[in-house]
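Worksheet for the structure shown next.
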Amino acid sequence: MKKYESFSKWFDELLLNAEIMDNRYPIKGFAVYKEWGAKIVRKIIEMLERRLEETGHIPMLFPVAISEEMFKKEAEHIKGFTSEVFWITHAGGRKLKKRMLLRPTSETAMYPMFSQWIRSHADLPLKIFQSVSVYRYETKATRPLFRMREFLWNEAHTAHRSWEEAEEQVKQAIEIYDEIFKKLGLSYYILRRPDFDKFAGAAYSIAFDAWNPDGRVNQIGTVHNLGENFSRAFKITYEDIDGVQRHVIQTCYGFGISRVLAAIIAQHGDDHGLVLPPEIAPVQVVVIPIPYKGLEDDIEKYSRSVYEKIVSAGFRTWIDETDRTPGEKYYYWEMFGVPVRIEVGPKDLKENKVTICERVNLERRTVPLEETPKAIMEELGKIDKKLREKSLSTLREMTINAEDTEALKETIKSKKIARICWCGKIECAERIREESGGEIRGYRVNVEEKPEYKCIICGRKAEKVVYVAKAY
Ligand SMILES: [Zn+2]
């Protein structure tokens, strides 16, 4: 399997072989998370939810069904989502008097309740989240994890007294996502979307676009300031200190769990299989006994004691005592992306040592048994760093400064991300899409970039440095 020769074939095979996901479910756009995938997903959710709770968000769980009446309250929102909605129209043989829909996102499920719960300034800020599946009838070709009709995400929704407080919340949300994506070793651009591409109903939208080997960026998270758009539609008001009724200012942000898993596989994986960041690896260390003629029992016993030692140090550990050959075992656990392998052979037994092999570069070293837990800890820390550096250098290599339309076309054609100067006009944005097949993803929010030349299309003064790519 060659990742860079045929990305989608490599990706699909890996999903199946490493027991991440089975895409053969008999409904298009719906798929099964298998053991390894489900365990990784659980770890990602744990990481994120822990951080959300630490920063004052509280968990809730809202129904999957939304009434048509509520869904239609915010005009822009309904325009943005209506073509992707799964409707619930019948119960048994009867047609329902009032249609319902499966949530494509939960604003219109949550905000009618917000208007009941929020009465005074003392009820604010309200910050809630849930990790659930959402449903969108995607008309573009579906792809497992990247683009599905049912996908897992975490959505947070907040309400505030003022625009300034909401702005602070947007910043905090960006920090939380940035911190978690970095811990997972991912690289991406944090971009403010152009107005024509913002979330339906938002004042503005910011998104995390992760690189992908096939050149299509993968939006793994979004953060929106909703302003008063929804609080006006849903009449979410509070009584301020001065006794005046005011509309709350809202934000919402979504963390694409399926897509983050896709990014981890796509950015870190190699021709041997997955490479998992230690924090989310279901197994962090695998112990592999290497039997030797005449020493079978001794090696088995020694391997067991090595295994016990690592388990008691708190690492998620597995010992492979199957009948497979050591070579087959290496191959197998490399495919599952286990960060550290401990090999226990006759020489290790004799010298009271173990051999450590790390997954990123498959480099080996030998350490005394006593120092094994410490050495594993070091290796895991280094893996985090190596993954982050490797991924970041790929993002840099993939980004090409394109100063004219020919360079832009060539960049998108060669599966890369173009950095261009743009005047801000929608006609030029359309031309960019027509000419190159890529779309303007936005300008960076955490790095200030001043245009160095004129708009790549019309030659007038450029307003922004923007990034252009194909997208999932
Ligand atoms: Zn222009």
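The way I read the labels, and the way they are meant: chains A, B, ... in the order of the structure tokens, residue 1 as the first residue of every chain, and ligand 1 as the first ligand shown, with later ones counted on from there.
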
Could you give me, as a list in words, the residues within 8 Å of Leu387 in chain A, counting only C-alpha atoms and dropping anything in the same chain fewer than 6 positions from it?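 In the requested form, the answer reads Gly185, Leu186, His268, Pro277 and Val360 of chain A.
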
For the residues in the current selection, export C-alpha atoms as a compact mmCIF listing (two decimals), in the first residue's frame.
```
# COMPACT_ATOMS: atom_id res chain seq x y z
CA GLY A 185 0.30 16.08 16.04
CA LEU A 186 -1.96 17.55 13.32
CA HIS A 268 0.62 10.33 10.22
CA PRO A 277 -0.29 9.63 18.71
CA VAL A 360 7.51 6.67 13.49
```

Once you count only C-alpha atoms and all ligand atoms, which residues end up within 6 Å of ligand 1, and could you hand them over as a list of chain:residue names?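 Counting only C-alpha atoms and all ligand atoms, the residues within 6 Å of ligand 1 come out as A:Trp422, A:Cys423, A:Lys425, A:Cys428, A:Cys455, A:Ile457, A:Cys458, A:Arg460.
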
Suppose you want the space between CA of Glu76 in chain A and CA of Gly201 in chain A; what is it in Å? 5.1 Å

Extract, using only C-alpha atoms, all DNA, RNA and protein residues at most 9 Å from Phe151 in chain A, discarding same-chain residues fewer than 4 positions from it, and format them as number ranges by chain. A: 29-30, 132-136, 145-147, 256-259

Could you turn the residues from that selection into a file that holds N, CA and C atoms, as a PDB file, in the first residue's frame?
```
ATOM      1  N   GLY A  29     -23.199   6.250   2.659  1.00  0.00           N
ATOM      2  CA  GLY A  29     -22.894   7.378   3.544  1.00  0.00           C
ATOM      3  C   GLY A  29     -22.965   7.039   5.020  1.00  0.00           C
ATOM      4  N   PHE A  30     -23.334   5.793   5.335  1.00  0.00           N
ATOM      5  CA  PHE A  30     -23.382   5.324   6.719  1.00  0.00           C
ATOM      6  C   PHE A  30     -22.380   4.173   6.841  1.00  0.00           C
ATOM      7  N   VAL A 132     -22.276  13.858  19.562  1.00  0.00           N
ATOM      8  CA  VAL A 132     -23.373  13.089  18.972  1.00  0.00           C
ATOM      9  C   VAL A 132     -23.149  12.899  17.462  1.00  0.00           C
ATOM     10  N   SER A 133     -24.030  12.121  16.866  1.00  0.00           N
ATOM     11  CA  SER A 133     -24.030  12.008  15.406  1.00  0.00           C
ATOM     12  C   SER A 133     -24.982  13.044  14.826  1.00  0.00           C
ATOM     13  N   VAL A 134     -24.604  13.598  13.671  1.00  0.00           N
ATOM     14  CA  VAL A 134     -25.522  14.470  12.944  1.00  0.00           C
ATOM     15  C   VAL A 134     -25.725  13.911  11.541  1.00  0.00           C
ATOM     16  N   TYR A 135     -26.769  14.398  10.876  1.00  0.00           N
ATOM     17  CA  TYR A 135     -27.222  13.776   9.626  1.00  0.00           C
ATOM     18  C   TYR A 135     -27.361  14.813   8.522  1.00  0.00           C
ATOM     19  N   ARG A 136     -26.635  14.600   7.449  1.00  0.00           N
ATOM     20  CA  ARG A 136     -26.741  15.515   6.309  1.00  0.00           C
ATOM     21  C   ARG A 136     -26.745  14.692   5.038  1.00  0.00           C
ATOM     22  N   LEU A 145     -15.359   8.461   6.723  1.00  0.00           N
ATOM     23  CA  LEU A 145     -14.791   9.414   7.684  1.00  0.00           C
ATOM     24  C   LEU A 145     -14.773  10.861   7.168  1.00  0.00           C
ATOM     25  N   PHE A 146     -14.414  11.085   5.915  1.00  0.00           N
ATOM     26  CA  PHE A 146     -14.298  12.454   5.416  1.00  0.00           C
ATOM     27  C   PHE A 146     -15.665  13.082   5.139  1.00  0.00           C
ATOM     28  N   ARG A 147     -16.501  12.348   4.460  1.00  0.00           N
ATOM     29  CA  ARG A 147     -17.783  12.919   4.043  1.00  0.00           C
ATOM     30  C   ARG A 147     -18.839  11.826   4.113  1.00  0.00           C
ATOM     31  N   GLY A 256     -15.053  18.090  14.400  1.00  0.00           N
ATOM     32  CA  GLY A 256     -15.422  16.923  13.589  1.00  0.00           C
ATOM     33  C   GLY A 256     -14.659  15.682  14.028  1.00  0.00           C
ATOM     34  N   ILE A 257     -15.288  14.856  14.845  1.00  0.00           N
ATOM     35  CA  ILE A 257     -14.580  13.696  15.405  1.00  0.00           C
ATOM     36  C   ILE A 257     -14.182  12.716  14.293  1.00  0.00           C
ATOM     37  N   SER A 258     -15.117  12.411  13.387  1.00  0.00           N
ATOM     38  CA  SER A 258     -14.800  11.505  12.271  1.00  0.00           C
ATOM     39  C   SER A 258     -13.661  12.082  11.437  1.00  0.00           C
ATOM     40  N   ARG A 259     -13.728  13.377  11.188  1.00  0.00           N
ATOM     41  CA  ARG A 259     -12.717  14.008  10.337  1.00  0.00           C
ATOM     42  C   ARG A 259     -11.367  14.145  11.030  1.00  0.00           C
TER      43      ARG A 259
END
```

Using only C-alpha atoms, which protein or nucleic acid residues come within 7 Å of range 435-439 of chain A? Drop anything in the same chain fewer than 2 positions from it, and give the result as a list in words.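 My list of contacting residues is Leu408, Lys409, Ile412, Arg431, Ile432, Arg433, Arg441, Val468, Ala469 and Lys470 of chain A.
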
7 Å contact set for Pro451 in chain A, only C-alpha atoms, chain neighbours under 2 positions out, as a PDB file with N, CA and C atoms, in the first residue's frame:
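Done, and the output landed in out_11.pdb:
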```pdb
ATOM      1  N   CYS A 421      -2.900  36.394  -3.329  1.00  0.00           N
ATOM      2  CA  CYS A 421      -3.455  37.682  -2.914  1.00  0.00           C
ATOM      3  C   CYS A 421      -4.771  37.894  -3.656  1.00  0.00           C
ATOM      4  N   GLU A 449      -0.995  38.495   7.774  1.00  0.00           N
ATOM      5  CA  GLU A 449      -0.273  38.459   6.509  1.00  0.00           C
ATOM      6  C   GLU A 449      -0.732  39.620   5.635  1.00  0.00           C
ATOM      7  N   TYR A 453       1.410  41.638  -3.298  1.00  0.00           N
ATOM      8  CA  TYR A 453       1.185  42.057  -4.680  1.00  0.00           C
ATOM      9  C   TYR A 453      -0.314  42.218  -4.923  1.00  0.00           C
ATOM     10  N   ALA A 462      -4.939  44.247  -3.620  1.00  0.00           N
ATOM     11  CA  ALA A 462      -5.367  43.057  -2.884  1.00  0.00           C
ATOM     12  C   ALA A 462      -5.706  43.421  -1.446  1.00  0.00           C
ATOM     13  N   GLU A 463      -6.781  42.801  -0.921  1.00  0.00           N
ATOM     14  CA  GLU A 463      -7.201  43.044   0.461  1.00  0.00           C
ATOM     15  C   GLU A 463      -6.564  42.038   1.415  1.00  0.00           C
ATOM     16  N   LYS A 464      -6.479  40.794   0.948  1.00  0.00           N
ATOM     17  CA  LYS A 464      -6.094  39.713   1.852  1.00  0.00           C
ATOM     18  C   LYS A 464      -5.180  38.711   1.164  1.00  0.00           C
ATOM     19  N   VAL A 465      -4.359  38.069   1.998  1.00  0.00           N
ATOM     20  CA  VAL A 465      -3.650  36.874   1.553  1.00  0.00           C
ATOM     21  C   VAL A 465      -4.546  35.699   1.913  1.00  0.00           C
TER      22      VAL A 465
END
```

Measuring between only C-alpha atoms, which one of A:Tyr307, A:Tyr443, A:Phe255, A:Tyr33 shows the shortest distance to Tyr177 in chain A? A:Phe255

Write out as number ranges by chain which residues come within 10 Å of Gly56 in chain A when counting only C-alpha atoms, dropping same-chain ones fewer than 6 positions away. A: 125-128

Just list as a VMD selection string whatever in range 262-320 of chain A DSSP marks as alpha helix (DSSP H). chain A and resid 262 to 268 296 to 312

Pick the closest to Leu369 in chain A from A:Thr411, A:Thr325, A:Ser305, A:Thr317: which is it, counting only C-alpha atoms?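 Using only C-alpha atoms, the shortest distance to Leu369 in chain A belongs to A:Ser305.
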
Skip range 226-240 of chain A itself and residues of its chain fewer than 6 positions away, then list as a PyMOL selection string all residues within 6 Å of it, counting only C-alpha atoms. chain A and resi 73-74+115+119-121+202-203+246-251

Could you build a table of the residues in range 363-463 of chain A lying no more than 9 Å from range 210-216 of chain A, giving for each the nearest pair of atoms and their separation in Å rounded to one decimal place, using only C-alpha atoms, ordered by chain and ascending residue number, as a tab-separated table?
```
residue	atom	partner	partner_atom	distance
A:Ser391	CA	A:Trp211	CA	8.7
A:Thr394	CA	A:Trp211	CA	8.3
A:Leu395	CA	A:Trp211	CA	6.3
A:Met398	CA	A:Gly215	CA	8.0
A:Ile412	CA	A:Gly215	CA	7.6
A:Lys413	CA	A:Gly215	CA	9.0
A:Ser414	CA	A:Gly215	CA	7.9
A:Lys415	CA	A:Gly215	CA	4.1
A:Lys416	CA	A:Gly215	CA	4.9
A:Ile417	CA	A:Gly215	CA	6.8
A:Gly438	CA	A:Arg216	CA	8.9
```

Pick out each residue of range 125-161 of chain A that DSSP on the backbone tags as strand (DSSP E); I need them as number ranges by chain. A: 126-135, 150-160

Keeping only C-alpha atoms, take the residues you just selected and write them out as a PDB file, in the first residue's frame.
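This is the output file part.pdb:
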```
ATOM      1  CA  LEU A 126     -24.382  29.544  29.246  1.00  0.00           C
ATOM      2  CA  LYS A 127     -21.865  27.107  27.744  1.00  0.00           C
ATOM      3  CA  ILE A 128     -22.971  23.609  26.790  1.00  0.00           C
ATOM      4  CA  PHE A 129     -21.715  20.773  24.602  1.00  0.00           C
ATOM      5  CA  GLN A 130     -22.631  17.353  23.311  1.00  0.00           C
ATOM      6  CA  SER A 131     -20.827  14.585  21.378  1.00  0.00           C
ATOM      7  CA  VAL A 132     -23.373  13.089  18.972  1.00  0.00           C
ATOM      8  CA  SER A 133     -24.030  12.008  15.406  1.00  0.00           C
ATOM      9  CA  VAL A 134     -25.522  14.470  12.944  1.00  0.00           C
ATOM     10  CA  TYR A 135     -27.222  13.776   9.626  1.00  0.00           C
ATOM     11  CA  GLU A 150     -24.115  10.337   9.396  1.00  0.00           C
ATOM     12  CA  PHE A 151     -21.041  11.649  11.156  1.00  0.00           C
ATOM     13  CA  LEU A 152     -19.741  12.077  14.682  1.00  0.00           C
ATOM     14  CA  TRP A 153     -18.942  15.464  16.071  1.00  0.00           C
ATOM     15  CA  ASN A 154     -18.846  17.481  19.241  1.00  0.00           C
ATOM     16  CA  GLU A 155     -20.812  20.717  19.166  1.00  0.00           C
ATOM     17  CA  ALA A 156     -20.640  23.465  21.776  1.00  0.00           C
ATOM     18  CA  HIS A 157     -23.126  26.326  22.026  1.00  0.00           C
ATOM     19  CA  THR A 158     -22.763  29.406  24.188  1.00  0.00           C
ATOM     20  CA  ALA A 159     -24.782  32.510  25.078  1.00  0.00           C
ATOM     21  CA  HIS A 160     -23.328  35.777  26.385  1.00  0.00           C
TER      22      HIS A 160
END
```
